[in-house]
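Peer 1: What follows is a structure written as structure tokens; I'll ask about it next.
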Amino acid sequence: MSDNRPIGVFDSGLGGLTVVREMQKAMPDESIVYFGDTGRVPYGTKSRDTIKLYAKQDIEFLLKNNVKAIVAACGTVSSVALPEITALPVPIEGVVVPSAIAAVRKTRNGKIGVIGTSATINSGAYRSEIKARMPEAEIFETACPLFVPIVEAGWINRDDEIAILTAKRYLAPLKEKGVDTLILGCTHFPLLSDIIGDVMGEGVTLIDTGYEAAHYVLDMLDKKGLKSDGTQSKNQFFVSDRVDDFSSMASILLGKDISDALRKASVDTL
Ligand code: DGL
């Protein structure tokens, strides 16, 4: 059985492309419709009600594009809104559960760190998914909101002084606690993984939510008989603002020019 409809992926902006990048590696035959809400980013500093409203509108947009499954690439949406979004006509997955499963599998000392936006950390979603699978785990969480604008500004080189100083300040308490596994619980953070890895030190395993979500979704498609047969693979990208900025960042992140497949979707139509 196969299903050649696209997979819908959404995020508050460009960070979700870290998930798309991993999906393309894990399932190159699949088509993706991506929606990045660049007009309303960031989500991570918004109230729960606003995040839920935005998530519902983003999902509605993807459903109109005839998707067979939806991936909430955004750590904030996955933590805050997804638990309450039910009864959709297609399966939906976020990044929290796959990353919690990976962290539990990889930790050796049971000390797991979680970093994300303020909304993600306040939701306690990663904590409860880890605890459900490993009740004895010790979990240490830190909101790292400044990582988001640092990534948006493109300050992601391994020797970027601002990024390094920010990482040192945010991550010091987690290092002190001796975590051996750290969940990068926000779409943007894998882009700082070199710096975060350098600051945390060699013995710490970083969990890339994009990688974990991509493999989890692949498994889900397989089990539900929803995999594509690869004959019509084609990606489309929509953003709610700043098409040009998105296009140049996307070509760096995905390693190819996507400008022909990129369009603006008006927020009014969501
Ligand atoms: N995409 C968001 C997340 O993964 C980060 C950016 C934002 O705050 O909207 O949590």
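Here's how to read the names in the structure tokens: chain A, B, ... by the order shown, residue numbers from 1 in each chain, ligand numbers from 1 in the order shown.
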Step one, run DSSP on the backbone; step two, keep only residues of region 172-241 of chain A assigned to strand (DSSP E); then write them as a list of chain:residue names.
Peer 2: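 These are the residues in question: A:Thr181, A:Leu182, A:Ile183, A:Leu184, A:Thr205, A:Leu206, A:Ile207, A:Asp208, A:Gln236, A:Phe237, A:Phe238, A:Val239.
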Peer 1: Mind listing the residues within 8 Å of ligand 1, only C-alpha atoms and all ligand atoms counted, as a list of chain:residue names?
Peer 2: A:Asp11, A:Ser12, A:Gly13, A:Leu14, A:Gly15, A:Gly16, A:Val41, A:Pro42, A:Tyr43, A:Gly44, A:Thr45, A:Ala73, A:Cys74, A:Gly75, A:Thr76, A:Val77, A:Gly116, A:Thr117, A:Ala119, A:Thr120, A:Pro145, A:Val148, A:Gly185, A:Cys186, A:Thr187, A:His188
Peer 1: Between A:Lys131, A:Lys175, A:Lys25, A:Lys68, single out the one closest to Tyr211 (chain A), counting only C-alpha atoms.
Peer 2: A:Lys25
Peer 1: What gap, in Å, lies between CA of Ile115 (chain A) and CA of Phe237 (chain A)?
Peer 2: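 Between these atoms lies a distance of 27.5 Å.
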Peer 1: Apply DSSP to the backbone of this structure and, from region 1-39 of chain A, keep only the residues in helix (DSSP H, G or I); write these as a ChimeraX atom specification.
Peer 2: /A:17-26
Peer 1: Mind dumping the selected residues with all heavy atoms as a tab-separated table (two decimals), in the first residue's frame?
Peer 2:
chain	number	residue	atom	x	y	z
A	17	LEU	N	12.97	23.93	9.26
A	17	LEU	CA	13.73	23.34	8.14
A	17	LEU	C	14.78	22.35	8.66
A	17	LEU	O	15.24	21.48	7.92
A	17	LEU	CB	14.40	24.44	7.31
A	17	LEU	CG	13.43	25.36	6.56
A	17	LEU	CD1	14.19	26.47	5.86
A	17	LEU	CD2	12.60	24.56	5.54
A	18	THR	N	15.13	22.45	9.95
A	18	THR	CA	16.05	21.45	10.51
A	18	THR	C	15.35	20.08	10.53
A	18	THR	O	15.99	19.05	10.41
A	18	THR	CB	16.53	21.81	11.94
A	18	THR	OG1	15.40	22.00	12.79
A	18	THR	CG2	17.38	23.06	11.92
A	19	VAL	N	14.03	20.10	10.68
A	19	VAL	CA	13.27	18.86	10.64
A	19	VAL	C	13.12	18.39	9.19
A	19	VAL	O	13.30	17.21	8.88
A	19	VAL	CB	11.88	19.03	11.32
A	19	VAL	CG1	11.09	17.75	11.26
A	19	VAL	CG2	12.05	19.51	12.76
A	20	VAL	N	12.84	19.33	8.29
A	20	VAL	CA	12.72	18.98	6.86
A	20	VAL	C	14.03	18.36	6.37
A	20	VAL	O	14.03	17.35	5.65
A	20	VAL	CB	12.38	20.23	6.03
A	20	VAL	CG1	12.46	19.94	4.54
A	20	VAL	CG2	10.99	20.74	6.39
A	21	ARG	N	15.15	18.96	6.77
A	21	ARG	CA	16.47	18.44	6.35
A	21	ARG	C	16.62	16.97	6.75
A	21	ARG	O	17.02	16.14	5.95
A	21	ARG	CB	17.55	19.28	7.04
A	21	ARG	CG	18.96	18.95	6.68
A	21	ARG	CD	19.93	19.94	7.29
A	21	ARG	NE	19.93	19.92	8.76
A	21	ARG	CZ	20.67	20.70	9.53
A	21	ARG	NH1	21.44	21.60	9.00
A	21	ARG	NH2	20.63	20.60	10.83
A	22	GLU	N	16.23	16.66	7.96
A	22	GLU	CA	16.34	15.27	8.43
A	22	GLU	C	15.31	14.38	7.75
A	22	GLU	O	15.58	13.21	7.46
A	22	GLU	CB	16.18	15.20	9.96
A	22	GLU	CG	17.27	15.92	10.73
A	22	GLU	CD	18.69	15.42	10.43
A	22	GLU	OE1	18.84	14.23	10.09
A	22	GLU	OE2	19.63	16.22	10.52
A	23	MET	N	14.13	14.92	7.46
A	23	MET	CA	13.11	14.13	6.77
A	23	MET	C	13.58	13.80	5.36
A	23	MET	O	13.37	12.69	4.86
A	23	MET	CB	11.77	14.89	6.72
A	23	MET	CG	11.05	14.92	8.06
A	23	MET	SD	9.56	15.94	8.02
A	23	MET	CE	8.48	14.98	6.98
A	24	GLN	N	14.22	14.76	4.71
A	24	GLN	CA	14.68	14.50	3.35
A	24	GLN	C	15.75	13.42	3.31
A	24	GLN	O	15.83	12.65	2.36
A	24	GLN	CB	15.19	15.79	2.71
A	24	GLN	CG	14.02	16.69	2.33
A	24	GLN	CD	14.44	17.95	1.62
A	24	GLN	OE1	15.58	18.41	1.76
A	24	GLN	NE2	13.53	18.53	0.88
A	25	LYS	N	16.58	13.38	4.36
A	25	LYS	CA	17.59	12.31	4.43
A	25	LYS	C	16.93	10.96	4.71
A	25	LYS	O	17.26	9.95	4.10
A	25	LYS	CB	18.59	12.61	5.56
A	25	LYS	CG	19.63	13.64	5.20
A	25	LYS	CD	20.68	13.69	6.32
A	25	LYS	CE	21.07	15.12	6.63
A	25	LYS	NZ	21.65	15.32	7.94
A	26	ALA	N	15.97	10.97	5.64
A	26	ALA	CA	15.37	9.71	6.08
A	26	ALA	C	14.35	9.17	5.08
A	26	ALA	O	14.14	7.96	4.99
A	26	ALA	CB	14.70	9.89	7.45
Peer 1: Give me the residues of region 142-179 of chain A that have any atom at most 12 Å from an atom of region 89-109 of chain A; for each, the nearest atom pair and the distance in Å, rounded to one decimal. Use only C-alpha atoms, sort by chain and number, and format it as a Markdown table.
Peer 2:
| residue | atom | partner | partner_atom | distance |
| --- | --- | --- | --- | --- |
| A:Lys177 | CA | A:Asn109 | CA | 11.2 |
| A:Gly178 | CA | A:Asn109 | CA | 8.8 |
| A:Val179 | CA | A:Asn109 | CA | 7.7 |
Peer 1: Do you know which residues are at most 9 Å from Ala125 (chain A) counting only C-alpha atoms, after dropping those on the same chain fewer than 3 positions away, and could you put them as a list of chain:residue names?
Peer 2: A:Ser78, A:Ser79, A:Val80, A:Val96, A:Val97, A:Thr120, A:Ile121, A:Asn122, A:Ser128, A:Glu129, A:Ile130
Peer 1: Can I get the selection written as a PDB file, in the first residue's frame, with all heavy atoms?
Peer 2:
ATOM      1  N   SER A  78       4.624  21.681  19.743  1.00  0.00           N
ATOM      2  CA  SER A  78       4.583  20.273  20.171  1.00  0.00           C
ATOM      3  C   SER A  78       4.354  20.172  21.679  1.00  0.00           C
ATOM      4  O   SER A  78       3.653  19.283  22.151  1.00  0.00           O
ATOM      5  CB  SER A  78       5.904  19.564  19.846  1.00  0.00           C
ATOM      6  OG  SER A  78       6.173  19.620  18.473  1.00  0.00           O
ATOM      7  N   SER A  79       4.943  21.095  22.438  1.00  0.00           N
ATOM      8  CA  SER A  79       4.840  21.040  23.899  1.00  0.00           C
ATOM      9  C   SER A  79       3.523  21.612  24.412  1.00  0.00           C
ATOM     10  O   SER A  79       2.910  21.067  25.310  1.00  0.00           O
ATOM     11  CB  SER A  79       5.965  21.866  24.540  1.00  0.00           C
ATOM     12  OG  SER A  79       7.206  21.447  24.074  1.00  0.00           O
ATOM     13  N   VAL A  80       3.110  22.724  23.822  1.00  0.00           N
ATOM     14  CA  VAL A  80       2.000  23.485  24.403  1.00  0.00           C
ATOM     15  C   VAL A  80       0.650  23.113  23.788  1.00  0.00           C
ATOM     16  O   VAL A  80      -0.345  22.974  24.487  1.00  0.00           O
ATOM     17  CB  VAL A  80       2.260  25.008  24.228  1.00  0.00           C
ATOM     18  CG1 VAL A  80       1.064  25.830  24.657  1.00  0.00           C
ATOM     19  CG2 VAL A  80       3.515  25.412  24.988  1.00  0.00           C
ATOM     20  N   VAL A  96       8.288  16.147  20.632  1.00  0.00           N
ATOM     21  CA  VAL A  96       8.565  15.858  22.048  1.00  0.00           C
ATOM     22  C   VAL A  96       8.707  14.355  22.305  1.00  0.00           C
ATOM     23  O   VAL A  96       9.716  13.917  22.880  1.00  0.00           O
ATOM     24  CB  VAL A  96       7.459  16.470  22.946  1.00  0.00           C
ATOM     25  CG1 VAL A  96       7.672  16.050  24.398  1.00  0.00           C
ATOM     26  CG2 VAL A  96       7.459  17.985  22.838  1.00  0.00           C
ATOM     27  N   VAL A  97       7.724  13.583  21.877  1.00  0.00           N
ATOM     28  CA  VAL A  97       7.756  12.142  22.181  1.00  0.00           C
ATOM     29  C   VAL A  97       8.985  11.452  21.566  1.00  0.00           C
ATOM     30  O   VAL A  97       9.723  10.748  22.276  1.00  0.00           O
ATOM     31  CB  VAL A  97       6.424  11.466  21.745  1.00  0.00           C
ATOM     32  CG1 VAL A  97       6.523   9.949  21.818  1.00  0.00           C
ATOM     33  CG2 VAL A  97       5.284  11.978  22.610  1.00  0.00           C
ATOM     34  N   THR A 120       8.029  26.261  26.016  1.00  0.00           N
ATOM     35  CA  THR A 120       8.285  24.816  26.035  1.00  0.00           C
ATOM     36  C   THR A 120       8.693  24.360  27.431  1.00  0.00           C
ATOM     37  O   THR A 120       8.160  23.382  27.962  1.00  0.00           O
ATOM     38  CB  THR A 120       9.411  24.473  25.022  1.00  0.00           C
ATOM     39  OG1 THR A 120       8.916  24.742  23.714  1.00  0.00           O
ATOM     40  CG2 THR A 120       9.837  23.018  25.119  1.00  0.00           C
ATOM     41  N   ILE A 121       9.621  25.066  28.031  1.00  0.00           N
ATOM     42  CA  ILE A 121      10.097  24.654  29.359  1.00  0.00           C
ATOM     43  C   ILE A 121       8.969  24.805  30.380  1.00  0.00           C
ATOM     44  O   ILE A 121       8.735  23.910  31.204  1.00  0.00           O
ATOM     45  CB  ILE A 121      11.359  25.462  29.758  1.00  0.00           C
ATOM     46  CG1 ILE A 121      12.505  25.168  28.778  1.00  0.00           C
ATOM     47  CG2 ILE A 121      11.778  25.141  31.191  1.00  0.00           C
ATOM     48  CD1 ILE A 121      12.873  23.699  28.593  1.00  0.00           C
ATOM     49  N   ASN A 122       8.198  25.897  30.320  1.00  0.00           N
ATOM     50  CA  ASN A 122       7.094  26.082  31.267  1.00  0.00           C
ATOM     51  C   ASN A 122       6.023  25.005  31.135  1.00  0.00           C
ATOM     52  O   ASN A 122       5.340  24.678  32.094  1.00  0.00           O
ATOM     53  CB  ASN A 122       6.433  27.459  31.073  1.00  0.00           C
ATOM     54  CG  ASN A 122       7.351  28.566  31.517  1.00  0.00           C
ATOM     55  OD1 ASN A 122       8.286  28.346  32.295  1.00  0.00           O
ATOM     56  ND2 ASN A 122       7.132  29.770  31.011  1.00  0.00           N
ATOM     57  N   SER A 128       7.394  15.372  31.395  1.00  0.00           N
ATOM     58  CA  SER A 128       6.410  14.319  31.635  1.00  0.00           C
ATOM     59  C   SER A 128       6.580  13.147  30.668  1.00  0.00           C
ATOM     60  O   SER A 128       6.392  11.994  31.065  1.00  0.00           O
ATOM     61  CB  SER A 128       4.974  14.839  31.666  1.00  0.00           C
ATOM     62  OG  SER A 128       4.734  15.612  30.556  1.00  0.00           O
ATOM     63  N   GLU A 129       6.989  13.418  29.430  1.00  0.00           N
ATOM     64  CA  GLU A 129       7.205  12.288  28.498  1.00  0.00           C
ATOM     65  C   GLU A 129       8.424  11.455  28.911  1.00  0.00           C
ATOM     66  O   GLU A 129       8.440  10.229  28.730  1.00  0.00           O
ATOM     67  CB  GLU A 129       7.363  12.790  27.062  1.00  0.00           C
ATOM     68  CG  GLU A 129       6.111  13.393  26.448  1.00  0.00           C
ATOM     69  CD  GLU A 129       4.939  12.417  26.323  1.00  0.00           C
ATOM     70  OE1 GLU A 129       5.157  11.184  26.399  1.00  0.00           O
ATOM     71  OE2 GLU A 129       3.809  12.892  26.163  1.00  0.00           O
ATOM     72  N   ILE A 130       9.450  12.096  29.460  1.00  0.00           N
ATOM     73  CA  ILE A 130      10.622  11.335  29.930  1.00  0.00           C
ATOM     74  C   ILE A 130      10.231  10.525  31.169  1.00  0.00           C
ATOM     75  O   ILE A 130      10.500   9.328  31.264  1.00  0.00           O
ATOM     76  CB  ILE A 130      11.808  12.282  30.248  1.00  0.00           C
ATOM     77  CG1 ILE A 130      12.310  12.959  28.979  1.00  0.00           C
ATOM     78  CG2 ILE A 130      12.946  11.512  30.934  1.00  0.00           C
ATOM     79  CD1 ILE A 130      13.243  14.141  29.215  1.00  0.00           C
TER      80      ILE A 130
END
Peer 1: For Ser228 (chain A), list every protein, DNA or RNA residue within 8 Å, evaluated using only C-alpha atoms, and leave out those in the same chain fewer than 5 positions away; present the list as a count of residues only.
Peer 2: 6
Peer 1: Ranking A:Ile51, A:Leu191, A:Ala81, A:Val33 by minimum distance to Leu63 (chain A) and counting only C-alpha atoms, which one comes first?
Peer 2: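 Of A:Ile51, A:Leu191, A:Ala81, A:Val33, the one nearest Leu63 (chain A) is A:Val33, counting only C-alpha atoms.
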Peer 1: Which is closest to Ala213 (chain A) among A:Leu171, A:Ile70, A:Ala261, A:Met1, if we use only C-alpha atoms?
Peer 2: A:Ile70
Peer 1: Quick check, in Å to one decimal: how far apart do CA of Gly197 (chain A) and CA of Ala172 (chain A) lie?
Peer 2: 12.6 Å
Peer 1: Please provide the set of residues having any atom within 9 Å of Asp244 (chain A), restricted to only C-alpha atoms, with same-chain residues fewer than 4 positions apart removed, written as a ChimeraX atom specification.
Peer 2: /A:248-249,259
